[in-house]
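Report on the structure given below.
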Amino acid sequence: MKTRIKIQTAPFDLGPELEEMSQGAGALATFTGHVRGEDGIETLMLEHYPGMAEREIARHIDDAARRWPLLGVTVIHRVGELKPGERIVLVAVAASHRREAFAACEFLMDHLKTTAAFWKQEQRGTETRWVEAKASDDNAAKRWK
Amino acid sequence: MKTRIKIQTAPFDLGPELEEMSQGAGALATFTGHVRGEDGIETLMLEHYPGMAEREIARHIDDAARRWPLLGVTVIHRVGELKPGERIVLVAVAASHRREAFAACEFLMDHLKTTAAFWKQEQRGTETRWVEAKASDDNAAKRWK
Amino acid sequence: MKLLYFAWVRQKIGKGEEDVKPPAGVATVRDLIRHLTALGPGYADAFADLSRLRAAVNQEHAGFDAPIGDDDEIAFFPPVTGG
Amino acid sequence: MKLLYFAWVRQKIGKGEEDVKPPAGVATVRDLIRHLTALGPGYADAFADLSRLRAAVNQEHAGFDAPIGDDDEIAFFPPVTGG
């Protein structure tokens, strides 16, 4: 299985990333998360724990690959300063069949949300607020136990 | 909600399609199905019922939008002659949150597989074979009843 | 009445569409199938196993007991395999 | 022992990382928290509510009873909010 994990400050395009993933796979499921502009957010600052963030993502990819037959997984997560509308995260899963691709993609997103070492801070004007973890995300991750 | 349905013989790129879908959405879930090269398939011929194929897709998009709050749906389905590795279908769903985007994307794929008026014929050398409907696809669609 | 055939139904019958005027008494999809089956060996072959056949009336999936009329568009095809 | 602080833990303590040599008897994450809390008001504030705090030992999520040693990398942070 081909695995790619990138944590980067630079924006990324979907086309080239997904084009490469598609090669040889019957099914490709992807998820892209964006900074929502609602509530007047002007900037989203993303902080991470270098080393641990990558390790956690790699661990969840390994877990997913043990559960489902996968052909490839790409996870890209941006850090630093993001503006509304920008992509924060991409999870792309290639498999032979759609059921596995969808399941693994959702599994990875649920675990990214609850254990990968990233923190978000919203900035509105001069006001800043650390985003709090959501119980709904914990519950989503628990579905897979 | 923005809806786009395209049935076309021409190949399509993911980048521009998804770039447009991303605008203003928190979450974008996509599925892409490809012609698998296994079993020595040389060509996949896709036939459809013009008019009915579009109607069925539109109906399922309406059903999905009644079940989940969606911001946009794009479905592209190729017809005609396809080679191994080529994209057959794209389903992309934009929503505010990932749960809805994933669910609607999978819902649409399951229903596309079982009711949209498309038929596949595999060609290997001079031999042709109409692909038979799979019970697993029917069962997948029944999950949503 | 406009008839459309797809996939192996089209191949067995040897055409993709035709206009027909079935005799009085053809009131349902099933009646139409019975009428068509008598038109020749291609039709008989296409309609030999109804468990493998699906129908649409005016571009919507329909059972074999669905009522049909002169202005309807009726399509016959195998279970779909798109996506 | 290398300590790392993230998000508001980092802000309250006023630095992202530091090397410390805790006194003998600091054998678990919880012991370390107790030791750090006494170092000043920033630390006390950061560690005031343990229900809002998470820890990692050598880049793996760890409970407060996890054993720690001089060569370990210990991190403190709020529940994660990536993705």
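Please note that chains go A, B, ... in the order of the structure tokens, that every chain numbers its residues from 1, and that ligands are numbered from 1 in the order shown.
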Check your understanding: Excluding same-chain residues fewer than 4 positions from B:Gly37, what lies within 9 Å of it counting only C-alpha atoms, as a PyMOL selection string?
Key -> (chain A and resi 24-26) or (chain B and resi 41-42+83-85)
Review point. Mind listing as a PyMOL selection string which residues of chain B are within 9 Å of chain A, counting only C-alpha atoms?
Key: chain B and resi 13-16+18-19+22-37+84-87+96-99+101-102+106+109+140
The coordinates of chain C, once least-squares superposed on chain D over all sequentially paired C-alpha atoms, should be supplied as a compact mmCIF listing (two decimals) with C-alpha atoms, in the first residue's frame.
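Below is the file part-v2.txt, written as the result:
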# COMPACT_ATOMS: atom_id res chain seq x y z
CA MET C 1 13.60 15.51 30.52
CA LYS C 2 12.23 17.49 27.62
CA LEU C 3 8.89 19.22 28.10
CA LEU C 4 6.67 20.55 25.31
CA TYR C 5 3.59 22.74 25.63
CA PHE C 6 0.97 23.38 22.97
CA ALA C 7 -1.99 25.71 22.35
CA TRP C 8 -3.24 27.48 25.52
CA VAL C 9 -0.93 25.42 27.73
CA ARG C 10 1.98 26.99 25.85
CA GLN C 11 0.43 30.44 26.16
CA LYS C 12 -0.23 30.18 29.90
CA ILE C 13 3.26 28.86 30.64
CA GLY C 14 4.79 31.37 28.27
CA LYS C 15 7.06 29.01 26.37
CA GLY C 16 6.79 26.10 23.95
CA GLU C 17 9.45 23.86 25.43
CA GLU C 18 12.05 23.52 28.12
CA ASP C 19 14.47 20.99 29.59
CA VAL C 20 13.89 20.17 33.24
CA LYS C 21 15.46 17.90 35.79
CA PRO C 22 12.69 17.17 38.26
CA PRO C 23 13.58 16.07 41.77
CA ALA C 24 13.73 12.42 42.76
CA GLY C 25 10.25 11.10 43.43
CA VAL C 26 8.76 12.46 40.22
CA ALA C 27 7.90 9.10 38.68
CA THR C 28 4.67 9.73 36.77
CA VAL C 29 3.07 12.42 34.61
CA ARG C 30 0.92 13.36 37.61
CA ASP C 31 4.01 13.80 39.80
CA LEU C 32 5.51 16.03 37.13
CA ILE C 33 2.36 18.16 36.96
CA ARG C 34 2.47 18.61 40.76
CA HIS C 35 6.12 19.63 40.54
CA LEU C 36 5.53 22.08 37.67
CA THR C 37 2.46 23.63 39.29
CA ALA C 38 4.66 24.91 42.13
CA LEU C 39 7.04 26.67 39.72
CA GLY C 40 4.89 29.78 39.22
CA PRO C 41 1.46 31.24 38.48
CA GLY C 42 1.64 30.47 34.72
CA TYR C 43 2.22 26.78 35.43
CA ALA C 44 -0.43 26.77 38.15
CA ASP C 45 -2.92 28.30 35.71
CA ALA C 46 -2.04 25.83 32.92
CA PHE C 47 -2.43 22.83 35.20
CA ALA C 48 -5.41 24.13 37.25
CA ASP C 49 -8.02 21.92 35.59
CA LEU C 50 -6.70 18.48 34.71
CA SER C 51 -9.97 17.52 33.04
CA ARG C 52 -9.09 19.97 30.26
CA LEU C 53 -5.48 18.74 29.96
CA ARG C 54 -3.96 15.92 27.93
CA ALA C 55 -0.44 14.50 27.97
CA ALA C 56 1.88 12.55 25.69
CA VAL C 57 5.00 10.61 26.62
CA ASN C 58 7.48 10.20 23.79
CA GLN C 59 4.89 11.36 21.27
CA GLU C 60 2.20 8.93 22.34
CA HIS C 61 -0.97 9.81 24.20
CA ALA C 62 -0.51 8.90 27.88
CA GLY C 63 -2.59 8.93 31.03
CA PHE C 64 -1.51 10.94 34.07
CA ASP C 65 -0.35 7.75 35.79
CA ALA C 66 2.09 6.90 32.99
CA PRO C 67 5.66 6.40 34.29
CA ILE C 68 8.28 8.88 33.10
CA GLY C 69 12.06 9.06 33.18
CA ASP C 70 14.88 11.50 32.55
CA ASP C 71 15.23 10.69 28.87
CA ASP C 72 11.55 11.07 28.05
CA GLU C 73 9.84 13.76 26.03
CA ILE C 74 6.65 14.85 27.83
CA ALA C 75 4.07 17.07 26.18
CA PHE C 76 1.04 18.86 27.66
CA PHE C 77 -1.83 20.20 25.58
CA PRO C 78 -5.61 20.59 25.44
CA PRO C 79 -7.76 17.96 23.69
CA VAL C 80 -6.84 18.04 20.01
CA THR C 81 -8.95 19.86 17.42
CA GLY C 82 -7.36 19.09 14.06
CA GLY C 83 -8.86 17.70 10.89
Exercise for review: Show me which bits of chain A are within 8 Å of chain D, counting only C-alpha atoms, as a list in words.
Suggested key: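 Filtering chain A at 8 Å from chain D with only C-alpha atoms gives Gly33, Leu46, Glu47, His48, Tyr49, Gly51, Met52, Arg55, Glu56, His77, Ile88, Val89, Met109, Leu112, Lys113, Thr114, Thr115, Ala116, Ala117, Phe118, Trp119, Lys120, Trp130, Val131, Glu132 and Ala133 of chain A.
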Study note, to complete from the structure: Taken to one decimal, the atom CA of A:Ile57-atom CA of A:Lys145 distance is 17.1 Å
Practice item. Apply DSSP to the structure's backbone, then extract all residues of chain A labelled strand (DSSP E) and return them as a PyMOL selection string. Key: chain A and resi 2-8+27-34+43-48+70-78+80-82+87-95+118-124+127-130
Exercise for review: Once DSSP has gone over the backbone, tell me which residues of stretch 23-106 of chain A are in helix (DSSP H, G or I), as a list in words.
Suggested key: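 Listing helix (DSSP H, G or I) positions across stretch 23-106 of chain A yields Glu38, Asp39, Gly40, Met52, Ala53, Glu54, Arg55, Glu56, Ile57, Ala58, Arg59, His60, Ile61, Asp62, Asp63, Ala64, Ala65, Arg66, Arg67, Arg98, Arg99, Glu100, Ala101, Phe102, Ala103, Ala104, Cys105 and Glu106 of chain A.
Neighbours of A:Glu127 closer than or equal to 12 Å, with only C-alpha atoms counted and sequence neighbours fewer than 2 positions away skipped, come out as Gly40, Ile41, Glu42, Thr43, Leu44, Gln121, Glu122, Gln123, Arg124, Gly125, Arg129 and Trp130 of chain A.
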What would the file look like if the residues just selected were written as an mmCIF file, in the first residue's frame with all heavy atoms?
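Result went into result.cif, see below:
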data_model
loop_
_atom_site.group_PDB
_atom_site.id
_atom_site.type_symbol
_atom_site.label_atom_id
_atom_site.label_comp_id
_atom_site.auth_asym_id
_atom_site.auth_seq_id
_atom_site.Cartn_x
_atom_site.Cartn_y
_atom_site.Cartn_z
ATOM 1 N N GLY A 40 -17.897 34.995 11.474
ATOM 2 C CA GLY A 40 -16.949 36.099 11.349
ATOM 3 C C GLY A 40 -15.493 35.743 11.577
ATOM 4 O O GLY A 40 -14.659 36.608 11.857
ATOM 5 N N ILE A 41 -15.149 34.465 11.450
ATOM 6 C CA ILE A 41 -13.733 34.087 11.589
ATOM 7 C C ILE A 41 -12.920 34.737 10.480
ATOM 8 O O ILE A 41 -13.284 34.668 9.311
ATOM 9 C CB ILE A 41 -13.560 32.555 11.503
ATOM 10 C CG1 ILE A 41 -14.228 31.885 12.686
ATOM 11 C CG2 ILE A 41 -12.080 32.183 11.445
ATOM 12 C CD1 ILE A 41 -14.310 30.383 12.563
ATOM 13 N N GLU A 42 -11.829 35.381 10.866
ATOM 14 C CA GLU A 42 -10.970 36.011 9.857
ATOM 15 C C GLU A 42 -9.750 35.149 9.550
ATOM 16 O O GLU A 42 -9.275 35.114 8.417
ATOM 17 C CB GLU A 42 -10.528 37.394 10.334
ATOM 18 C CG GLU A 42 -11.688 38.390 10.313
ATOM 19 C CD GLU A 42 -11.414 39.610 11.172
ATOM 20 O OE1 GLU A 42 -10.230 39.929 11.385
ATOM 21 O OE2 GLU A 42 -12.390 40.222 11.649
ATOM 22 N N THR A 43 -9.252 34.502 10.589
ATOM 23 C CA THR A 43 -8.068 33.658 10.411
ATOM 24 C C THR A 43 -8.190 32.433 11.311
ATOM 25 O O THR A 43 -8.708 32.526 12.413
ATOM 26 C CB THR A 43 -6.785 34.434 10.814
ATOM 27 O OG1 THR A 43 -6.731 35.645 10.065
ATOM 28 C CG2 THR A 43 -5.541 33.621 10.524
ATOM 29 N N LEU A 44 -7.737 31.305 10.803
ATOM 30 C CA LEU A 44 -7.641 30.113 11.639
ATOM 31 C C LEU A 44 -6.154 29.769 11.743
ATOM 32 O O LEU A 44 -5.485 29.575 10.736
ATOM 33 C CB LEU A 44 -8.422 28.960 11.008
ATOM 34 C CG LEU A 44 -8.629 27.736 11.893
ATOM 35 C CD1 LEU A 44 -9.600 28.053 13.026
ATOM 36 C CD2 LEU A 44 -9.173 26.566 11.064
ATOM 37 N N GLN A 121 -6.879 27.703 16.514
ATOM 38 C CA GLN A 121 -7.239 28.946 17.186
ATOM 39 C C GLN A 121 -7.933 29.865 16.190
ATOM 40 O O GLN A 121 -7.383 30.156 15.123
ATOM 41 C CB GLN A 121 -5.990 29.636 17.729
ATOM 42 C CG GLN A 121 -6.328 30.812 18.629
ATOM 43 C CD GLN A 121 -5.092 31.587 19.049
ATOM 44 O OE1 GLN A 121 -4.274 31.952 18.213
ATOM 45 N NE2 GLN A 121 -4.961 31.823 20.341
ATOM 46 N N GLU A 122 -9.133 30.296 16.557
ATOM 47 C CA GLU A 122 -9.877 31.214 15.693
ATOM 48 C C GLU A 122 -9.513 32.653 16.036
ATOM 49 O O GLU A 122 -9.415 33.005 17.213
ATOM 50 C CB GLU A 122 -11.383 31.041 15.896
ATOM 51 C CG GLU A 122 -11.881 29.647 15.564
ATOM 52 C CD GLU A 122 -13.343 29.421 15.971
ATOM 53 O OE1 GLU A 122 -13.881 30.267 16.726
ATOM 54 O OE2 GLU A 122 -13.915 28.414 15.545
ATOM 55 N N GLN A 123 -9.350 33.471 15.004
ATOM 56 C CA GLN A 123 -9.079 34.891 15.229
ATOM 57 C C GLN A 123 -10.163 35.728 14.567
ATOM 58 O O GLN A 123 -10.452 35.564 13.379
ATOM 59 C CB GLN A 123 -7.703 35.260 14.680
ATOM 60 C CG GLN A 123 -6.604 34.386 15.281
ATOM 61 C CD GLN A 123 -5.208 34.794 14.852
ATOM 62 O OE1 GLN A 123 -5.027 35.502 13.864
ATOM 63 N NE2 GLN A 123 -4.213 34.349 15.602
ATOM 64 N N ARG A 124 -10.777 36.603 15.383
ATOM 65 C CA ARG A 124 -11.769 37.573 14.883
ATOM 66 C C ARG A 124 -11.301 38.929 15.356
ATOM 67 O O ARG A 124 -11.355 39.220 16.548
ATOM 68 C CB ARG A 124 -13.138 37.310 15.486
ATOM 69 C CG ARG A 124 -13.768 35.992 15.107
ATOM 70 C CD ARG A 124 -15.063 35.798 15.887
ATOM 71 N NE ARG A 124 -15.698 34.527 15.571
ATOM 72 C CZ ARG A 124 -15.293 33.353 16.071
ATOM 73 N NH1 ARG A 124 -14.281 33.281 16.912
ATOM 74 N NH2 ARG A 124 -15.929 32.250 15.721
ATOM 75 N N GLY A 125 -10.854 39.764 14.419
ATOM 76 C CA GLY A 125 -10.301 41.055 14.817
ATOM 77 C C GLY A 125 -9.136 40.828 15.759
ATOM 78 O O GLY A 125 -8.208 40.073 15.453
ATOM 79 N N ARG A 129 -9.524 32.773 20.080
ATOM 80 C CA ARG A 129 -10.202 31.746 20.863
ATOM 81 C C ARG A 129 -9.713 30.367 20.420
ATOM 82 O O ARG A 129 -9.730 30.056 19.228
ATOM 83 C CB ARG A 129 -11.718 31.847 20.624
ATOM 84 C CG ARG A 129 -12.562 30.993 21.564
ATOM 85 C CD ARG A 129 -14.050 31.141 21.234
ATOM 86 N NE ARG A 129 -14.404 30.373 20.045
ATOM 87 C CZ ARG A 129 -14.755 29.080 20.060
ATOM 88 N NH1 ARG A 129 -14.822 28.422 21.209
ATOM 89 N NH2 ARG A 129 -15.042 28.447 18.946
ATOM 90 N N TRP A 130 -9.269 29.561 21.387
ATOM 91 C CA TRP A 130 -8.895 28.186 21.044
ATOM 92 C C TRP A 130 -10.165 27.376 20.842
ATOM 93 O O TRP A 130 -11.068 27.398 21.679
ATOM 94 C CB TRP A 130 -8.039 27.568 22.149
ATOM 95 C CG TRP A 130 -6.658 28.162 22.171
ATOM 96 C CD1 TRP A 130 -6.212 29.166 22.985
ATOM 97 C CD2 TRP A 130 -5.572 27.838 21.299
ATOM 98 N NE1 TRP A 130 -4.908 29.485 22.682
ATOM 99 C CE2 TRP A 130 -4.486 28.673 21.646
ATOM 100 C CE3 TRP A 130 -5.399 26.923 20.249
ATOM 101 C CZ2 TRP A 130 -3.249 28.629 20.993
ATOM 102 C CZ3 TRP A 130 -4.174 26.871 19.605
ATOM 103 C CH2 TRP A 130 -3.117 27.712 19.968
#
**Study point:** Point-to-point distance in Å for atom CA of A:Lys6 and atom CA of B:Pro11
**Key:**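 That distance, rounded to one decimal, is 28.9 Å.
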